[in-house]
>>> print(open('run35.cif').read())   # mmCIF, C-alpha atoms
data_model
loop_
_atom_site.label_atom_id
_atom_site.label_comp_id
_atom_site.auth_asym_id
_atom_site.auth_seq_id
_atom_site.Cartn_x
_atom_site.Cartn_y
_atom_site.Cartn_z
CA MET A 1 -32.68 -1.80 -8.81
CA GLU A 2 -29.03 -2.92 -8.70
CA THR A 3 -27.93 0.41 -10.23
CA GLU A 4 -29.78 2.36 -7.54
CA MET A 5 -28.34 0.17 -4.80
CA LEU A 6 -24.83 0.63 -6.17
CA GLU A 7 -25.28 4.40 -6.41
CA THR A 8 -26.47 4.47 -2.79
CA TRP A 9 -23.51 2.31 -1.74
CA PHE A 10 -21.09 4.60 -3.61
CA ARG A 11 -22.58 7.65 -1.87
CA ILE A 12 -22.12 6.00 1.54
CA GLN A 13 -18.50 5.13 0.77
CA ARG A 14 -17.76 8.67 -0.38
CA SER A 15 -19.45 10.16 2.68
CA ASN A 16 -17.46 7.88 5.01
CA ALA A 17 -14.17 8.79 3.34
CA GLU A 18 -14.85 12.54 3.37
CA SER A 19 -15.73 12.46 7.07
CA LEU A 20 -12.59 10.51 7.97
CA ALA A 21 -10.27 12.51 5.72
CA ASN A 22 -11.31 15.78 7.30
CA GLY A 23 -11.67 14.71 10.90
CA VAL A 24 -9.72 16.98 13.24
CA ASP A 25 -7.38 14.25 14.49
CA VAL A 26 -6.57 12.88 11.03
CA ARG A 27 -5.85 16.35 9.65
CA HIS A 28 -3.68 17.25 12.65
CA ILE A 29 -1.56 14.10 12.24
CA PHE A 30 -1.33 14.58 8.48
CA TYR A 31 -0.16 18.21 8.84
CA GLN A 32 2.58 17.01 11.21
CA MET A 33 3.63 14.40 8.66
CA LEU A 34 3.87 17.06 5.96
CA ASP A 35 5.92 19.28 8.29
CA ASP A 36 8.18 16.35 9.07
CA GLU A 37 8.63 15.62 5.36
CA ALA A 38 9.43 19.28 4.64
CA GLY A 39 11.91 19.43 7.51
CA GLU A 40 13.76 16.35 6.31
CA GLY A 41 13.83 17.67 2.77
CA LYS A 42 15.28 21.04 3.71
CA SER A 43 17.93 20.09 6.21
CA GLY A 44 18.43 16.37 5.78
CA ALA A 45 18.09 16.02 9.54
CA LYS A 46 16.28 17.80 12.34
CA ASP A 47 18.20 19.69 14.98
CA ALA A 48 18.39 18.16 18.44
CA LYS A 49 15.75 20.39 20.02
CA ASP A 50 13.27 19.81 17.21
CA SER A 51 13.83 16.05 17.43
CA LYS A 52 12.92 16.12 21.13
CA ASP A 53 9.80 18.22 20.76
CA ARG A 54 8.22 16.59 17.72
CA PRO A 55 7.04 13.00 17.16
CA THR A 56 8.84 10.86 14.60
CA MET A 57 7.16 9.67 11.42
CA GLU A 58 6.90 6.20 12.98
CA GLN A 59 5.06 7.66 15.98
CA LEU A 60 2.76 9.66 13.73
CA GLN A 61 2.03 6.54 11.70
CA ALA A 62 1.12 4.70 14.91
CA GLN A 63 -1.16 7.59 15.93
CA LEU A 64 -2.88 7.50 12.55
CA ASP A 65 -3.33 3.72 12.78
CA LYS A 66 -4.97 4.14 16.18
CA THR A 67 -7.14 7.07 15.10
CA LEU A 68 -8.52 5.31 12.03
CA ALA A 69 -8.84 1.81 13.51
CA PRO A 70 -12.39 2.16 14.94
CA ALA A 71 -13.80 3.58 11.69
CA LEU A 72 -12.04 0.97 9.55
CA THR A 73 -13.56 -1.78 11.67
CA ALA A 74 -17.01 -0.20 11.73
CA HIS A 75 -17.18 0.27 7.95
CA ASP A 76 -15.34 -2.91 6.87
CA TYR A 77 -12.35 -1.10 5.40
CA ILE A 78 -9.32 -3.35 5.47
CA ARG A 79 -6.37 -0.98 5.04
CA PHE A 80 -5.59 2.66 4.27
CA PHE A 81 -2.89 4.96 2.97
CA VAL A 82 -2.36 8.72 2.83
CA ALA A 83 -0.49 10.53 0.10
CA ASP A 84 0.74 14.08 -0.38
CA LYS A 85 0.11 16.36 -3.38
CA SER A 86 2.93 14.73 -5.33
CA LYS A 87 1.17 11.33 -4.98
CA ARG A 88 3.89 10.13 -2.63
CA ILE A 89 2.56 7.76 0.01
CA ILE A 90 3.65 8.98 3.43
CA ALA A 91 1.72 6.58 5.66
CA ALA A 92 0.03 3.23 5.04
CA THR A 93 -1.17 0.10 6.74
CA SER A 94 1.00 -1.80 4.23
CA ARG A 95 4.32 -0.29 5.28
CA GLU A 96 6.02 -1.38 2.04
CA LEU A 97 3.99 1.31 0.23
CA ILE A 98 5.48 4.18 2.25
CA GLY A 99 7.75 6.34 0.13
CA LYS A 100 6.40 5.04 -3.18
CA GLN A 101 5.20 7.59 -5.70
CA ASP A 102 3.18 7.65 -8.93
CA ILE A 103 1.96 4.06 -8.65
CA PRO A 104 0.14 3.44 -11.97
CA GLU A 105 -2.68 1.41 -10.41
CA TYR A 106 -3.47 4.27 -8.02
CA ASP A 107 -3.05 7.16 -10.42
CA SER A 108 -6.64 7.60 -11.60
CA PHE A 109 -8.30 7.87 -8.19
CA LEU A 110 -5.43 9.85 -6.64
CA THR A 111 -5.60 12.37 -9.49
CA ARG A 112 -9.33 12.83 -9.01
CA ALA A 113 -9.02 13.19 -5.22
CA LEU A 114 -6.21 15.73 -5.54
CA ALA A 115 -8.50 17.68 -7.89
CA GLY A 116 -11.06 17.78 -5.07
CA THR A 117 -13.34 14.87 -5.98
CA THR A 118 -14.07 12.01 -3.61
CA CYS A 119 -14.26 8.82 -5.67
CA VAL A 120 -14.50 5.04 -5.57
CA SER A 121 -12.14 3.10 -7.82
CA THR A 122 -13.11 0.13 -9.95
CA PRO A 123 -11.79 -3.23 -8.70
CA PHE A 124 -8.20 -4.01 -9.73
CA PRO A 125 -5.47 -6.52 -8.75
CA SER A 126 -3.62 -5.53 -5.56
CA ILE A 127 0.06 -4.63 -5.84
CA VAL A 128 0.80 -5.60 -2.23
CA ALA A 129 0.35 -9.03 -0.67
CA LEU A 130 -3.15 -9.49 0.74
CA LYS A 131 -5.11 -12.50 1.91
CA ASP A 132 -7.32 -13.95 -0.79
CA GLU A 133 -10.66 -15.73 -0.25
CA ASN A 134 -8.77 -18.87 0.79
CA GLY A 135 -6.65 -17.02 3.35
CA LYS A 136 -3.53 -17.26 1.21
CA LEU A 137 -1.24 -14.21 1.18
CA ARG A 138 -0.52 -13.08 -2.39
CA THR A 139 -0.52 -10.11 -4.74
CA GLY A 140 -3.20 -9.72 -7.40
CA VAL A 141 -6.11 -10.00 -4.96
CA PRO A 142 -9.16 -8.00 -6.19
CA THR A 143 -9.24 -4.67 -4.38
CA MET A 144 -10.99 -1.29 -4.48
CA TYR A 145 -10.37 2.08 -2.85
CA VAL A 146 -12.51 5.00 -1.83
CA CYS A 147 -10.34 8.10 -1.90
CA ALA A 148 -11.07 11.54 -0.44
CA PRO A 149 -9.13 14.83 -0.43
CA ILE A 150 -7.62 16.08 2.82
CA ARG A 151 -8.07 19.85 3.03
CA ASP A 152 -6.40 22.58 5.04
CA GLU A 153 -8.17 25.39 6.91
CA SER A 154 -8.47 27.35 3.66
CA PHE A 155 -10.25 24.38 2.04
CA GLN A 156 -7.26 23.74 -0.23
CA VAL A 157 -6.41 20.11 -0.99
CA VAL A 158 -3.13 19.12 0.69
CA GLY A 159 -3.30 15.34 0.38
CA VAL A 160 -5.57 12.32 0.14
CA LEU A 161 -6.84 9.49 2.30
CA ALA A 162 -7.53 6.18 0.54
CA LEU A 163 -9.45 3.36 2.24
CA ARG A 164 -9.34 -0.18 0.92
CA ILE A 165 -12.65 -1.91 0.18
CA ARG A 166 -13.04 -5.66 -0.32
CA PRO A 167 -15.10 -5.84 -3.54
CA GLU A 168 -16.24 -9.40 -2.81
CA LEU A 169 -18.36 -8.09 0.05
CA GLU A 170 -21.07 -5.52 -0.75
CA PHE A 171 -20.05 -4.56 -4.31
CA THR A 172 -20.25 -8.12 -5.62
CA ARG A 173 -23.28 -9.01 -3.51
CA ILE A 174 -25.27 -6.08 -4.88
CA LEU A 175 -24.49 -7.17 -8.45
CA GLN A 176 -25.49 -10.75 -7.65
CA LEU A 177 -29.00 -9.51 -6.86
CA GLY A 178 -29.37 -8.92 -10.59
CA ARG A 179 -29.36 -12.60 -11.44
CA VAL A 180 -32.33 -13.62 -13.56
CA GLY A 181 -33.42 -17.24 -13.84
CA ASP A 182 -30.80 -19.97 -14.06
CA SER A 183 -28.20 -18.12 -16.08
CA GLY A 184 -28.96 -14.38 -16.10
CA GLU A 185 -26.42 -12.12 -14.37
CA THR A 186 -25.52 -8.48 -13.89
CA TYR A 187 -21.92 -7.51 -14.73
CA ALA A 188 -19.79 -4.43 -14.13
CA PHE A 189 -17.21 -3.24 -16.67
CA ASP A 190 -14.64 -0.45 -16.47
CA LYS A 191 -14.20 2.25 -19.14
CA ASP A 192 -11.90 -0.08 -21.14
CA GLY A 193 -14.49 -2.85 -21.29
CA LEU A 194 -12.72 -4.99 -18.67
CA LEU A 195 -15.01 -7.14 -16.51
CA VAL A 196 -14.55 -5.94 -12.90
CA SER A 197 -17.18 -8.02 -11.13
CA ASN A 198 -17.34 -11.70 -10.28
CA SER A 199 -19.33 -14.20 -12.30
CA ARG A 200 -20.89 -17.50 -11.27
CA PHE A 201 -19.20 -18.89 -14.40
CA ASP A 202 -15.62 -17.98 -13.39
CA ASP A 203 -14.56 -21.65 -13.04
CA ALA A 204 -15.96 -22.53 -16.46
CA LEU A 205 -14.29 -19.48 -18.04
CA ILE A 206 -10.97 -20.51 -16.51
CA LEU A 207 -11.35 -24.06 -17.92
CA LEU A 208 -12.08 -22.57 -21.35
CA GLY A 209 -8.94 -20.41 -21.11
CA LEU A 210 -10.90 -17.15 -21.21
CA LEU A 211 -9.76 -16.20 -17.68
CA PRO A 212 -6.32 -16.80 -16.14
#
>>> encode(input="run35.cif", output="structure tokens")
Amino acid sequence: METEMLETWFRIQRSNAESLANGVDVRHIFYQMLDDEAGEGKSGAKDAKDSKDRPTMEQLQAQLDKTLAPALTAHDYIRFFVADKSKRIIAATSRELIGKQDIPEYDSFLTRALAGTTCVSTPFPSIVALKDENGKLRTGVPTMYVCAPIRDESFQVVGVLALRIRPELEFTRILQLGRVGDSGETYAFDKDGLLVSNSRFDDALILLGLLP
């Protein structure tokens, strides 16, 4: 039952991400960001007329924030970022990510999205400061992303949209439904055998030195 519920949840997350990534407004803003990037790269600076007629990257970021805000709230996504084909982040809720490229923690789901596959990552420790369950701002907070390709009019992938999911909400709750009796639990592991779901025994495992 838990497997079916998780598969349904994954499908919903992928569907949400695909719809948002290829919405007209999001694509229009993203194309302008790519044009802005290309212009800066070629000339180092825009000419005066171009600067007047076109929005700045900061303005485009603000437009993207505003465009995505209702959907993020409706679907419980906390933050987002968009990256180009070189895996360089060109816009993000966490502004410190902008300009970063080839982040190891993001590589697997960005690679899949750039290959045309919408995917949900396994939970992993955040690399930017986020509020933990106690409201404390720190890095290393469990996080997940659903990542979808952004396509142009020819259906070619030109970038990706990644939406941050809080795994302690639905992902963990679905797994907790698999508890059997007083001690039975359902766990999720990644391909390397790393436990990626919470356990009711976390405190005991920490005391035993098996968890940090």
>>> atom_distance(input="run35.cif", atom1="CA of Lys87 (chain A)", atom2="CA of Leu137 (chain A)")
26.4 Å
>>> resolve_selection(input="run35.cif", expression="the PyMOL selection byres ((chain A and resi 66-79) around 7)", output="ChimeraX atom specification")
/A:62-65,80,93,163-165
>>> atom_distance(input="run35.cif", atom1="CA of Pro125 (chain A)", atom2="CA of Tyr106 (chain A)")
11.0 Å
>>> closest_residue(input="run35.cif", among="A:Ala38, A:Val120, A:Leu169, A:Ala129", to="Ser15 (chain A)", atoms="all atoms listed in the file")
A:Val120
>>> atom_distance(input="run35.cif", atom1="CA of Pro167 (chain A)", atom2="CA of Met144 (chain A)")
6.2 Å
>>> closest_residue(input="run35.cif", among="A:Leu110, A:Met5, A:Val128, A:Ile150", to="Asp25 (chain A)", atoms="only C-alpha atoms")
A:Ile150
>>> closest_residue(input="run35.cif", among="A:Ile127, A:Val157, A:Val82, A:Met33", to="Thr143 (chain A)", atoms="only C-alpha atoms")
A:Ile127
>>> residues_around(input="run35.cif", residues="Arg88 (chain A)", least_positions_apart="3", cutoff="10 Å", atoms="only C-alpha atoms", output="number ranges by chain")
A: 82-85, 91, 97-103, 159
>>> residues_around(input="run35.cif", residues="Glu153 (chain A)", least_positions_apart="6", cutoff="12 Å", atoms="only C-alpha atoms", output="list in words")
Asn22, Gly23, Val24, Arg27, His28 and Tyr31 of chain A
>>> build_atoms(input="run35.cif", residues="region 14-40 of chain A", atoms="N, CA and C atoms", output="tab-separated table (two decimals), in the frame of the given file")
chain	number	residue	atom	x	y	z
A	14	ARG	N	-18.34	7.34	-0.23
A	14	ARG	CA	-17.76	8.67	-0.38
A	14	ARG	C	-17.96	9.51	0.88
A	15	SER	N	-19.15	9.41	1.46
A	15	SER	CA	-19.45	10.16	2.68
A	15	SER	C	-18.54	9.71	3.83
A	16	ASN	N	-18.36	8.40	3.97
A	16	ASN	CA	-17.46	7.88	5.01
A	16	ASN	C	-16.05	8.42	4.84
A	17	ALA	N	-15.55	8.36	3.60
A	17	ALA	CA	-14.17	8.79	3.34
A	17	ALA	C	-13.99	10.28	3.59
A	18	GLU	N	-14.96	11.09	3.16
A	18	GLU	CA	-14.85	12.54	3.37
A	18	GLU	C	-14.84	12.88	4.86
A	19	SER	N	-15.68	12.20	5.63
A	19	SER	CA	-15.73	12.46	7.07
A	19	SER	C	-14.41	12.10	7.73
A	20	LEU	N	-13.85	10.95	7.36
A	20	LEU	CA	-12.59	10.51	7.97
A	20	LEU	C	-11.43	11.39	7.54
A	21	ALA	N	-11.39	11.73	6.24
A	21	ALA	CA	-10.27	12.51	5.72
A	21	ALA	C	-10.17	13.89	6.35
A	22	ASN	N	-11.31	14.42	6.77
A	22	ASN	CA	-11.31	15.78	7.30
A	22	ASN	C	-11.69	15.84	8.78
A	23	GLY	N	-11.55	14.71	9.46
A	23	GLY	CA	-11.67	14.71	10.90
A	23	GLY	C	-10.51	15.48	11.52
A	24	VAL	N	-10.75	16.13	12.62
A	24	VAL	CA	-9.72	16.98	13.24
A	24	VAL	C	-8.44	16.20	13.54
A	25	ASP	N	-8.56	15.03	14.11
A	25	ASP	CA	-7.38	14.25	14.49
A	25	ASP	C	-6.56	13.81	13.28
A	26	VAL	N	-7.27	13.33	12.24
A	26	VAL	CA	-6.57	12.88	11.03
A	26	VAL	C	-5.83	14.05	10.38
A	27	ARG	N	-6.50	15.19	10.27
A	27	ARG	CA	-5.85	16.35	9.65
A	27	ARG	C	-4.64	16.81	10.47
A	28	HIS	N	-4.78	16.82	11.79
A	28	HIS	CA	-3.68	17.25	12.65
A	28	HIS	C	-2.46	16.35	12.47
A	29	ILE	N	-2.68	15.04	12.43
A	29	ILE	CA	-1.56	14.10	12.24
A	29	ILE	C	-0.96	14.28	10.85
A	30	PHE	N	-1.82	14.44	9.85
A	30	PHE	CA	-1.33	14.58	8.48
A	30	PHE	C	-0.50	15.85	8.32
A	31	TYR	N	-0.93	16.97	8.92
A	31	TYR	CA	-0.16	18.21	8.84
A	31	TYR	C	1.23	18.01	9.46
A	32	GLN	N	1.29	17.28	10.58
A	32	GLN	CA	2.58	17.01	11.21
A	32	GLN	C	3.48	16.17	10.30
A	33	MET	N	2.86	15.23	9.60
A	33	MET	CA	3.63	14.40	8.66
A	33	MET	C	4.20	15.26	7.53
A	34	LEU	N	3.38	16.18	7.02
A	34	LEU	CA	3.87	17.06	5.96
A	34	LEU	C	5.00	17.95	6.46
A	35	ASP	N	4.86	18.46	7.69
A	35	ASP	CA	5.92	19.28	8.29
A	35	ASP	C	7.19	18.47	8.45
A	36	ASP	N	7.03	17.23	8.87
A	36	ASP	CA	8.18	16.35	9.07
A	36	ASP	C	8.89	16.09	7.74
A	37	GLU	N	8.08	15.84	6.70
A	37	GLU	CA	8.63	15.62	5.36
A	37	GLU	C	9.40	16.85	4.90
A	38	ALA	N	8.80	18.03	5.08
A	38	ALA	CA	9.43	19.28	4.64
A	38	ALA	C	10.72	19.52	5.40
A	39	GLY	N	10.71	19.24	6.70
A	39	GLY	CA	11.91	19.43	7.51
A	39	GLY	C	13.05	18.54	7.07
A	40	GLU	N	12.73	17.29	6.78
A	40	GLU	CA	13.76	16.35	6.31
A	40	GLU	C	14.31	16.79	4.97
